[in-house]
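Asker: One file is attached below, query.txt, containing compact mmCIF, C-alpha atoms.
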```txt
# COMPACT_ATOMS: atom_id res chain seq x y z
CA MET A 1 14.54 10.15 40.90
CA LYS A 2 16.57 7.26 39.58
CA LEU A 3 14.56 5.48 36.95
CA PRO A 4 15.14 1.94 35.73
CA LYS A 5 16.44 1.21 32.26
CA ILE A 6 13.78 -0.74 30.41
CA ASP A 7 14.86 -3.62 28.22
CA LEU A 8 13.25 -3.46 24.77
CA ALA A 9 12.86 -7.25 24.71
CA SER A 10 10.65 -7.07 27.82
CA LEU A 11 8.13 -4.85 25.99
CA PRO A 12 5.48 -6.91 24.22
CA ASP A 13 4.37 -6.52 20.63
CA LEU A 14 0.77 -5.80 19.80
CA SER A 15 -1.49 -8.83 19.78
CA ASN A 16 -2.36 -8.21 16.13
CA VAL A 17 1.13 -8.08 14.71
CA THR A 18 1.45 -6.19 11.44
CA SER A 19 4.30 -6.89 9.07
CA MET A 20 6.09 -4.46 6.83
CA PHE A 21 4.37 -2.85 3.90
CA GLY A 22 4.28 -5.19 0.93
CA ALA A 23 5.07 -8.30 2.99
CA MET A 24 3.13 -11.30 1.78
CA ARG A 25 2.34 -14.59 3.41
CA GLN A 26 3.13 -16.30 0.18
CA SER A 27 3.95 -14.99 -3.20
CA GLY A 28 1.39 -15.72 -5.83
CA PRO A 29 -0.81 -14.32 -8.54
CA GLY A 30 -3.63 -13.71 -6.07
CA HIS A 31 -1.71 -10.87 -4.50
CA ASP A 32 -0.87 -8.54 -7.31
CA ASP A 33 -4.33 -7.20 -7.91
CA SER A 34 -5.28 -5.09 -4.93
CA LEU A 35 -2.04 -3.31 -4.16
CA VAL A 36 0.61 -2.26 -6.59
CA VAL A 37 3.76 -0.50 -5.58
CA LEU A 38 6.83 -0.70 -7.72
CA MET A 39 10.21 -0.03 -6.27
CA THR A 40 12.54 2.36 -7.98
CA ILE A 41 14.60 0.54 -10.53
CA VAL A 42 18.05 1.89 -11.20
CA TYR A 43 19.17 1.31 -14.74
CA GLU A 44 21.62 2.91 -17.05
CA THR A 45 20.47 4.96 -19.94
CA GLN A 46 22.88 6.07 -22.53
CA PRO A 47 21.69 8.76 -24.87
CA PRO A 48 22.70 8.09 -28.48
CA GLY A 49 26.09 9.52 -29.28
CA SER A 50 27.38 9.29 -25.73
CA GLY A 51 30.21 7.03 -26.81
CA ILE A 52 28.74 3.70 -25.71
CA ILE A 53 26.01 3.28 -28.28
CA MET B 54 12.17 8.40 -24.70
CA LYS B 55 11.62 11.53 -22.65
CA VAL B 56 10.43 13.37 -25.78
CA ALA B 57 8.02 10.51 -26.57
CA LEU B 58 6.63 10.73 -23.05
CA ASP B 59 6.24 14.50 -23.30
CA HIS B 60 4.47 14.19 -26.64
CA TRP B 61 2.09 11.54 -25.28
CA ARG B 62 1.32 13.64 -22.23
CA ALA B 63 0.71 16.67 -24.45
CA GLU B 64 -1.91 14.94 -26.61
CA THR B 65 -5.36 16.33 -25.95
CA GLY B 66 -6.85 13.13 -24.52
CA ALA B 67 -3.85 12.37 -22.34
CA ALA B 68 -3.35 15.94 -21.12
CA THR B 69 -6.93 16.29 -19.86
CA ALA B 70 -6.90 12.80 -18.37
CA LEU B 71 -3.62 13.48 -16.56
CA ALA B 72 -4.96 16.79 -15.23
CA ASP B 73 -7.95 14.87 -13.88
CA PHE B 74 -5.56 12.25 -12.53
CA GLU B 75 -3.82 14.87 -10.36
CA ARG B 76 -7.15 15.78 -8.78
CA PHE B 77 -8.05 12.12 -8.38
CA GLY B 78 -4.77 11.66 -6.50
CA LYS B 79 -5.79 14.39 -4.09
CA GLY B 80 -8.96 12.46 -3.28
CA ALA B 81 -11.51 13.59 -5.91
CA ALA B 82 -14.17 11.03 -6.82
CA LEU B 83 -13.94 9.45 -10.28
CA GLU B 84 -17.25 10.98 -11.34
CA ASP B 85 -15.80 14.42 -10.59
CA CYS B 86 -12.94 13.78 -13.03
CA PRO B 87 -14.80 13.66 -16.38
CA ALA B 88 -11.92 12.68 -18.69
CA LEU B 89 -10.73 9.97 -16.32
CA ASP B 90 -14.29 8.80 -15.75
CA GLN B 91 -14.78 8.47 -19.50
CA ILE B 92 -11.67 6.28 -19.76
CA PHE B 93 -12.79 3.88 -17.05
CA THR B 94 -16.52 3.78 -17.69
CA GLY B 95 -16.76 4.49 -21.44
CA GLN B 96 -15.60 2.25 -24.26
CA ASP B 97 -13.49 4.41 -26.56
CA ASP B 98 -11.13 6.54 -24.52
CA ALA B 99 -9.01 3.86 -22.82
CA PRO B 100 -7.94 2.21 -26.12
CA LEU B 101 -7.31 5.65 -27.67
CA LEU B 102 -5.11 6.70 -24.76
CA MET B 103 -3.04 3.53 -25.02
CA GLN B 104 -2.87 3.66 -28.81
CA ALA B 105 -1.38 7.15 -28.50
CA LEU B 106 1.14 5.84 -25.95
CA MET B 107 2.15 2.98 -28.22
CA ARG B 108 2.41 5.26 -31.26
CA HIS B 109 4.85 7.62 -29.56
CA PHE B 110 6.96 4.92 -27.93
CA SER B 111 7.02 2.63 -30.99
CA LEU B 112 8.60 5.47 -32.97
CA ALA B 113 11.00 6.29 -30.15
CA LEU B 114 12.03 2.64 -29.80
CA ALA B 115 12.52 2.33 -33.55
CA ASP B 116 15.00 5.20 -33.32
CA ASN B 117 16.57 3.95 -30.06
CA PRO B 118 16.28 0.16 -29.95
CA LEU B 119 18.03 -0.02 -26.57
CA GLY B 120 16.00 2.79 -25.04
CA HIS B 121 14.02 2.32 -21.84
CA PRO B 122 10.58 3.90 -21.60
CA PRO B 123 10.78 6.06 -18.47
CA PHE B 124 8.22 4.13 -16.44
CA ARG B 125 8.69 1.94 -13.41
CA ASN B 126 8.00 -1.61 -14.47
CA SER B 127 8.10 -5.18 -13.27
CA PHE B 128 7.58 -8.70 -14.55
CA ASN B 129 7.29 -11.73 -12.28
CA GLY B 130 6.78 -14.41 -14.88
CA THR B 131 3.00 -14.13 -14.95
CA SER B 132 2.20 -10.44 -14.47
CA SER B 133 3.83 -7.45 -16.05
CA THR B 134 3.12 -3.99 -14.70
CA ILE B 135 4.02 -0.55 -16.00
CA GLN B 136 3.34 2.46 -13.84
CA LEU B 137 2.25 5.14 -16.29
CA ALA B 138 1.62 7.85 -13.73
CA SER B 139 1.61 8.37 -9.99
CA SER B 140 0.29 11.36 -8.10
CA ASP B 141 -0.35 11.59 -4.35
CA ARG B 142 -2.70 8.70 -3.60
CA ALA B 143 -3.37 7.66 -7.19
CA GLN B 144 -1.64 5.37 -9.64
CA LEU B 145 -2.29 4.66 -13.30
CA LEU B 146 -0.99 1.26 -14.34
CA LEU B 147 -0.90 -0.90 -17.40
CA GLN B 148 -0.95 -4.53 -16.42
CA ALA B 149 -0.79 -7.76 -18.41
CA ARG B 150 -1.42 -11.28 -17.17
CA GLU B 151 0.01 -14.20 -19.09
CA PRO B 152 -2.28 -17.03 -20.24
CA GLY B 153 -2.68 -19.92 -17.81
CA ALA B 154 -4.70 -21.24 -14.88
CA TYR B 155 -4.22 -19.62 -11.48
CA ALA B 156 -5.17 -20.72 -7.98
CA SER B 157 -4.76 -19.22 -4.55
CA ASP B 158 -5.78 -20.37 -1.07
CA THR B 159 -5.95 -16.80 0.18
CA ALA B 160 -7.60 -13.52 -0.69
CA SER B 161 -6.17 -10.09 0.16
CA TYR B 162 -7.92 -6.79 0.84
CA SER B 163 -6.54 -3.28 1.08
CA ASP B 164 -8.06 0.16 1.44
CA ASN B 165 -7.94 1.13 -2.23
CA LEU B 166 -10.46 2.07 -4.87
CA ARG B 167 -9.72 0.38 -8.14
CA PHE B 168 -11.04 0.84 -11.66
CA ASP B 169 -10.13 -1.53 -14.49
CA ALA B 170 -10.51 -1.04 -18.24
CA VAL B 171 -9.72 -4.28 -20.03
CA LEU B 172 -8.00 -3.46 -23.32
CA ALA B 173 -7.31 -6.90 -24.75
CA GLY B 174 -7.39 -10.60 -23.96
CA LYS B 175 -9.84 -13.03 -22.51
CA ALA B 176 -10.12 -14.49 -19.00
CA LYS B 177 -12.43 -16.12 -16.51
CA ALA B 178 -12.34 -14.42 -13.15
CA ARG B 179 -14.11 -14.34 -9.83
CA ILE B 180 -15.05 -11.36 -7.71
CA ILE B 181 -14.53 -12.39 -4.09
CA ARG B 182 -16.36 -10.23 -1.57
CA ILE B 183 -15.99 -10.42 2.20
CA HIS B 184 -18.41 -9.62 4.98
CA GLY B 185 -18.35 -9.92 8.74
CA PRO B 186 -15.85 -8.98 11.44
CA GLU B 187 -12.28 -8.18 10.42
CA GLU B 188 -10.73 -11.15 12.23
CA HIS B 189 -12.98 -13.75 10.63
CA VAL B 190 -14.91 -13.10 7.45
CA GLY B 191 -17.42 -14.81 5.25
CA PHE B 192 -17.10 -14.87 1.47
CA SER B 193 -19.46 -14.45 -1.43
CA GLU B 194 -18.18 -15.10 -4.90
CA GLU B 195 -19.33 -14.00 -8.33
CA PRO B 196 -17.89 -15.55 -11.51
CA ILE B 197 -17.25 -13.07 -14.29
CA ALA B 198 -15.90 -13.25 -17.85
CA LEU B 199 -13.40 -10.59 -18.88
CA ALA B 200 -12.69 -9.44 -22.42
CA ALA B 201 -11.71 -6.27 -24.25
CA GLY B 202 -14.24 -3.62 -23.28
CA SER B 203 -14.90 -4.90 -19.76
CA ARG B 204 -15.07 -2.03 -17.25
CA LEU B 205 -14.96 -2.76 -13.53
CA GLY B 206 -14.88 -0.76 -10.32
CA PHE B 207 -13.94 -2.18 -6.91
CA ASP B 208 -13.71 -1.10 -3.34
CA CYS B 209 -10.68 -3.26 -2.54
CA SER B 210 -11.38 -3.11 1.20
CA GLY B 211 -14.10 -5.70 0.64
CA GLU B 212 -13.80 -6.90 -2.95
CA MET B 213 -11.05 -8.49 -4.94
CA LEU B 214 -10.80 -9.80 -8.47
CA PHE B 215 -9.18 -13.18 -8.82
CA LEU B 216 -8.17 -14.26 -12.32
CA GLU B 217 -8.71 -18.00 -12.53
CA ALA B 218 -8.08 -18.79 -16.18
CA VAL B 219 -6.49 -16.46 -18.69
CA GLU B 220 -7.17 -17.72 -22.18
CA GLN B 221 -5.51 -14.86 -24.01
CA ARG B 222 -3.05 -12.44 -22.40
CA LEU B 223 -5.23 -10.03 -20.47
CA VAL B 224 -4.15 -6.40 -20.76
CA THR B 225 -5.76 -3.97 -18.36
CA LEU B 226 -5.47 -0.26 -17.78
CA ARG B 227 -5.88 0.20 -14.06
CA LEU B 228 -6.54 3.20 -11.85
CA LEU B 229 -5.96 3.02 -8.10
CA GLN B 230 -6.75 5.47 -5.34
CA ALA B 231 -5.48 4.68 -1.85
CA ALA B 232 -7.46 5.77 1.22
CA PRO B 233 -5.97 8.74 3.08
CA GLU B 234 -5.29 6.62 6.17
CA PRO B 235 -5.38 3.03 4.92
CA ARG B 236 -5.72 0.16 7.35
CA PRO B 237 -3.24 -2.70 7.12
CA LEU B 238 -3.66 -5.05 4.18
CA ARG B 239 -5.60 -8.14 5.28
CA GLU B 240 -5.06 -11.63 3.90
CA TYR B 241 -7.67 -14.32 4.59
CA CYS B 242 -7.82 -18.07 4.18
CA ARG B 243 -10.44 -18.74 1.50
CA LYS B 244 -11.49 -21.99 3.14
CA SER B 245 -11.97 -20.86 6.73
CA GLY B 246 -12.27 -17.07 6.40
CA ARG B 247 -9.63 -16.72 9.08
CA LEU B 248 -7.32 -13.68 9.03
CA LEU B 249 -3.88 -15.08 8.21
CA HIS B 250 -1.70 -12.06 7.71
CA ARG B 251 -1.60 -8.29 8.02
CA SER B 252 0.90 -5.90 6.53
CA ALA B 253 1.21 -2.13 6.85
CA GLY B 254 -1.21 -0.10 4.76
CA LYS B 255 1.27 2.68 3.99
CA LEU B 256 4.81 2.47 2.75
CA SER B 257 5.71 5.51 4.87
CA SER B 258 4.56 3.72 8.06
CA SER B 259 7.02 0.89 7.53
CA ARG B 260 9.76 3.34 6.59
CA CYS B 261 9.19 5.27 9.85
CA GLU B 262 9.06 2.02 11.80
CA MET B 263 12.46 1.01 10.45
CA MET B 264 13.83 4.47 11.28
CA ALA B 265 12.54 4.13 14.85
CA ALA B 266 14.19 0.69 15.16
CA LEU B 267 17.44 2.10 13.82
CA LEU B 268 17.42 4.99 16.30
CA GLY B 269 16.82 2.45 19.06
CA ARG B 270 19.72 0.24 17.96
CA MET B 271 21.95 3.33 17.77
CA GLY B 272 20.99 4.19 21.34
CA ARG B 273 19.93 7.68 20.30
CA ALA B 274 18.25 8.83 23.52
CA ASP B 275 18.00 12.31 22.03
CA ALA B 276 15.40 10.90 19.60
CA ALA B 277 13.04 10.00 22.45
CA PRO B 278 10.85 13.15 22.11
CA VAL B 279 10.34 12.46 18.39
CA LEU B 280 9.48 8.83 19.09
CA ALA B 281 7.03 9.86 21.82
CA GLU B 282 5.38 12.27 19.39
CA LEU B 283 5.16 9.50 16.79
CA ALA B 284 3.54 7.19 19.35
CA LEU B 285 0.92 9.78 20.26
CA GLN B 286 -0.01 11.10 16.86
CA GLN B 287 -2.45 9.59 14.36
CA GLY B 288 -1.10 6.78 12.25
CA GLU B 289 -0.91 3.04 11.93
CA ASP B 290 -1.07 1.22 15.26
CA SER B 291 1.99 -0.88 14.53
CA LEU B 292 4.19 2.15 13.87
CA ARG B 293 2.91 3.98 16.95
CA TRP B 294 3.48 0.95 19.18
CA GLN B 295 7.00 0.30 17.92
CA ALA B 296 7.83 4.00 18.41
CA LEU B 297 6.54 3.72 21.98
CA ARG B 298 8.63 0.61 22.67
CA GLU B 299 11.79 2.24 21.33
CA CYS B 300 11.03 5.42 23.27
CA LEU B 301 10.58 3.49 26.52
CA ALA B 302 13.87 1.67 25.99
CA LEU B 303 15.77 4.84 25.15
CA ASP B 304 14.33 7.21 27.76
CA THR B 305 12.23 5.72 30.54
CA ALA B 306 10.69 9.02 31.70
CA GLN B 307 9.61 10.22 28.26
CA GLY B 308 8.48 6.79 27.16
CA PHE B 309 6.46 6.22 30.30
CA ALA B 310 4.80 9.65 29.98
CA ALA B 311 3.76 8.74 26.43
CA LEU B 312 2.53 5.35 27.63
CA LEU B 313 0.37 7.01 30.33
CA SER B 314 -1.12 9.39 27.74
CA LEU B 315 -2.12 6.43 25.58
CA ALA B 316 -3.47 4.41 28.50
CA ARG B 317 -5.59 7.35 29.69
CA ASN B 318 -7.16 8.04 26.30
CA ALA B 319 -10.10 5.68 26.04
CA ASP B 320 -10.68 6.72 22.42
CA ASP B 321 -7.23 5.61 21.35
CA PRO B 322 -7.09 2.18 19.68
CA LEU B 323 -3.92 1.46 21.66
CA CYS B 324 -5.53 2.33 25.02
CA ALA B 325 -6.07 -1.25 26.22
CA GLU B 326 -2.63 -2.52 25.22
CA ALA B 327 -1.00 0.59 26.72
CA GLY B 328 -2.94 0.03 29.96
CA ALA B 329 -1.74 -3.57 30.14
CA LEU B 330 1.86 -2.55 29.50
CA ARG B 331 1.60 0.17 32.17
CA VAL B 332 0.52 -2.46 34.72
CA GLN B 333 3.35 -4.77 33.66
CA LEU B 334 5.97 -2.01 33.96
CA VAL B 335 4.71 -0.67 37.28
CA GLU B 336 4.79 -4.18 38.76
CA ALA B 337 8.34 -4.70 37.56
CA HIS B 338 9.61 -1.23 38.48
CA ARG B 339 7.98 0.37 41.52
CA GLN B 340 9.75 3.69 40.86
CA LEU B 341 7.43 4.15 37.88
CA LEU B 342 4.43 4.32 40.20
CA GLN B 343 6.09 7.25 41.93
CA LEU B 344 6.76 8.86 38.56
CA GLU B 345 3.12 8.34 37.62
CA THR B 346 1.91 9.99 40.81
CA MET B 347 4.11 12.98 40.09
CA GLN B 348 2.74 13.22 36.55
CA CYS B 349 -0.90 12.65 37.48
CA PRO B 350 -3.00 15.42 35.88
CA ALA B 351 -5.20 15.59 39.01
```
Take the structure in the file and give it back as C-alpha cells.
Answerer:
Amino acid sequence: MKLPKIDLASLPDLSNVTSMFGAMRQSGPGHDDSLVVLMTIVYETQPPGSGII
Amino acid sequence: MKVALDHWRAETGAATALADFERFGKGAALEDCPALDQIFTGQDDAPLLMQALMRHFSLALADNPLGHPPFRNSFNGTSSTIQLASSDRAQLLLQAREPGAYASDTASYSDNLRFDAVLAGKAKARIIRIHGPEEHVGFSEEPIALAAGSRLGFDCSGEMLFLEAVEQRLVTLRLLQAAPEPRPLREYCRKSGRLLHRSAGKLSSSRCEMMAALLGRMGRADAAPVLAELALQQGEDSLRWQALRECLALDTAQGFAALLSLARNADDPLCAEAGALRVQLVEAHRQLLQLETMQCPA
C-alpha cells in the first residue's frame, strides 16, 4: 500500500503546551526557590606548580 | 580543593549525613534518614556541617587563593547558589539571598519536597499555598519571619516560599527531593490564579524531546521505531507527543500504528488528543483508514 507522507507542520501540538525544562515566563527572584538545577560550568583549574601559577 | 572536599566529606557529621543523603536521593523519607533529619529539623547540626565546610575550604583557599571549590555554583545578582551534593533525585544546596525588597506577579510550583535550614540573616517571607484545579487555582498566604534557626519543610507542588524583604543576607542550607515522575512546573498569576506557563518537570524529558526533533530534522526514518516506543511508554506528555509527531512525519505506517495504540487506550492521558489527530489524518488521507482496518485487533 502506498502511504502518504505526513507533513510535520500539519500535526498539531498539545493544547496544554509545555516548554523546555527550566524555561521561565519571566526571570525573577520568585522563581529560584522551588527548582534548582545548575548547569555544568567549565572553568580552568591550574594546580600550583603547573607553570601558570 | 579536592583534598579539602574529601576531608569535609570524611568528617563524622558530614559522612553520616552524606550517606543518608544517598538514600534520600533514592526516595527515602527524611524521617528515615536520621542524620539528615537532624540537620533539617534540629538546631545544631546544620551550622556545624557548614562550619566544617568553611573550615576546610578557608584553609584550602588560603593556600590556593585562585582555587575554585569543586561545586557547581551560580550568582544572578540577587541569589547565589552552591550545589554541595547531588544524588539521584536529591540535591543539597547552600543558597544566599542579597538584602532588598522583592516582588513577583507569579508563583511557581514543581513536584519537589524541600527542606530549609536558615543559617544566617533576616527576612520577611510569605508561604503561598494553592488549592483547586490545576488550570485555575486559589491562593492562601501566610506571612512568616525568617532568621537563623528557622527550619521549614515544603511540598513544592502546592506550597512556595516567597522572600519579600531581606533585611540581612539570608543564608539557607536547602535539601530538595524531586518526585520520581514529576509533572511539569506550573506558574500562576497571583492576581487571577490563572495558569500562565508550564515547563517540563524533568531535564531528561526536554533532552529527549530535542533529540527527537533533531532526528526528525535529519530525516532519520530508521529512528521511527525508537520514537514510537518513546511515544507509547510512560513519561511526560509533551515528550511523548513530540516523539509521536516526529515518528508520523518520518514513517507514516509506524507513526500511525503508535497513534492508534494511544487513541485506543482510554487510560492514557494522550488518548483524547490522539483520537482527534487520528480523525484529522484519516479525513486528509483515506489510505490510512485502509491501514487502520488492516491493523484492527479485532
Asker: To one decimal place, how far is CA of Cys242 in chain B from CA of Glu194 in chain B in Å?
Answerer: 14.1 Å
Asker: For the atom pair CA of Leu11 in chain A and CA of Leu238 in chain B, what is the interatomic distance in Å to one decimal place?
Answerer: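 So the answer is 24.8 Å.
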Asker: Mind pulling up the distance from CA of Pro4 in chain A to CA of Arg317 in chain B?
Answerer: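 Value for the CA of Arg317 in chain B-CA of Pro4 in chain A distance: 22.3 Å.
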Asker: As an MDAnalysis selection string, could you give me every residue of chain B near chain A (at most 6 Å apart, counting all atoms listed in the file)?
Answerer: chainID B and resid 157 251:253 256 259 302
Asker: List the spatial neighbours of Gly211 in chain B as a list of chain:residue names - criterion: any atom at most 9 Å away, only C-alpha atoms, same-chain residues fewer than 4 positions off excluded.
Answerer: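 Here the qualifying residues turn out to be B:Tyr162, B:Ser163, B:Asp164, B:Ile181, B:Arg182, B:Ile183, B:His184, B:Phe207.
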Asker: B:Asp141, B:Lys177, B:Pro237, B:Thr94: which is nearest Gly202 in chain B, counting only C-alpha atoms?
Answerer: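 Checking each of B:Asp141, B:Lys177, B:Pro237, B:Thr94 against Gly202 in chain B, counting only C-alpha atoms, the winner is B:Thr94.
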Asker: Identify, on the basis of all atoms listed in the file, every residue whose closest approach to Pro100 in chain B does not exceed 12 Å; exclude the query and any residue fewer than 5 positions from it along the same chain; express the result as a PyMOL selection string.
Answerer: chain B and resi 66-67+91-93+95+105-108+147+170-173+201-203+224-226
Asker: Could you save those same residues with C-alpha atoms as a compact mmCIF listing (two decimals), in the coordinates of the input?
Answerer:
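So the final result, stored in part-v4.txt, reads:
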```
# COMPACT_ATOMS: atom_id res chain seq x y z
CA GLY B 66 -6.85 13.13 -24.52
CA ALA B 67 -3.85 12.37 -22.34
CA GLN B 91 -14.78 8.47 -19.50
CA ILE B 92 -11.67 6.28 -19.76
CA PHE B 93 -12.79 3.88 -17.05
CA GLY B 95 -16.76 4.49 -21.44
CA ALA B 105 -1.38 7.15 -28.50
CA LEU B 106 1.14 5.84 -25.95
CA MET B 107 2.15 2.98 -28.22
CA ARG B 108 2.41 5.26 -31.26
CA LEU B 147 -0.90 -0.90 -17.40
CA ALA B 170 -10.51 -1.04 -18.24
CA VAL B 171 -9.72 -4.28 -20.03
CA LEU B 172 -8.00 -3.46 -23.32
CA ALA B 173 -7.31 -6.90 -24.75
CA ALA B 201 -11.71 -6.27 -24.25
CA GLY B 202 -14.24 -3.62 -23.28
CA SER B 203 -14.90 -4.90 -19.76
CA VAL B 224 -4.15 -6.40 -20.76
CA THR B 225 -5.76 -3.97 -18.36
CA LEU B 226 -5.47 -0.26 -17.78
```
Asker: Residues within 10 Å of Glu345 in chain B, please, as a PyMOL selection string. Count all atoms listed in the file; anything in the same chain fewer than 3 positions from it doesn't count.
Answerer: chain B and resi 306+309-310+313+331+335+340-342+348-350
Asker: Would you pick out the contacts of Glu151 in chain B at 12 Å or less, using all atoms listed in the file, so that residues sharing its chain but fewer than 5 positions from it are not included, and give the list as a VMD selection string?
Answerer: (chain A and resid 29) or (chain B and resid 128 to 134 173 to 176 216 to 225)
Asker: Return the single residue from B:Leu315, B:Ser257, B:Ala70, B:Cys86 that is closest to Ala99 in chain B, with distances computed using all atoms listed in the file.
Answerer: B:Ala70
Asker: Rank nothing, just name the residue among B:His189, B:Arg204, B:His60, B:Arg293 nearest to Asp321 in chain B, using all atoms listed in the file.
Answerer: B:Arg293
Asker: When you count all atoms listed in the file, which of these residues is closest to Leu268 in chain B: B:Arg298, B:Arg239, B:Lys244, B:Lys55?
Answerer: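 Selected residue with least distance to Leu268 in chain B: B:Arg298.
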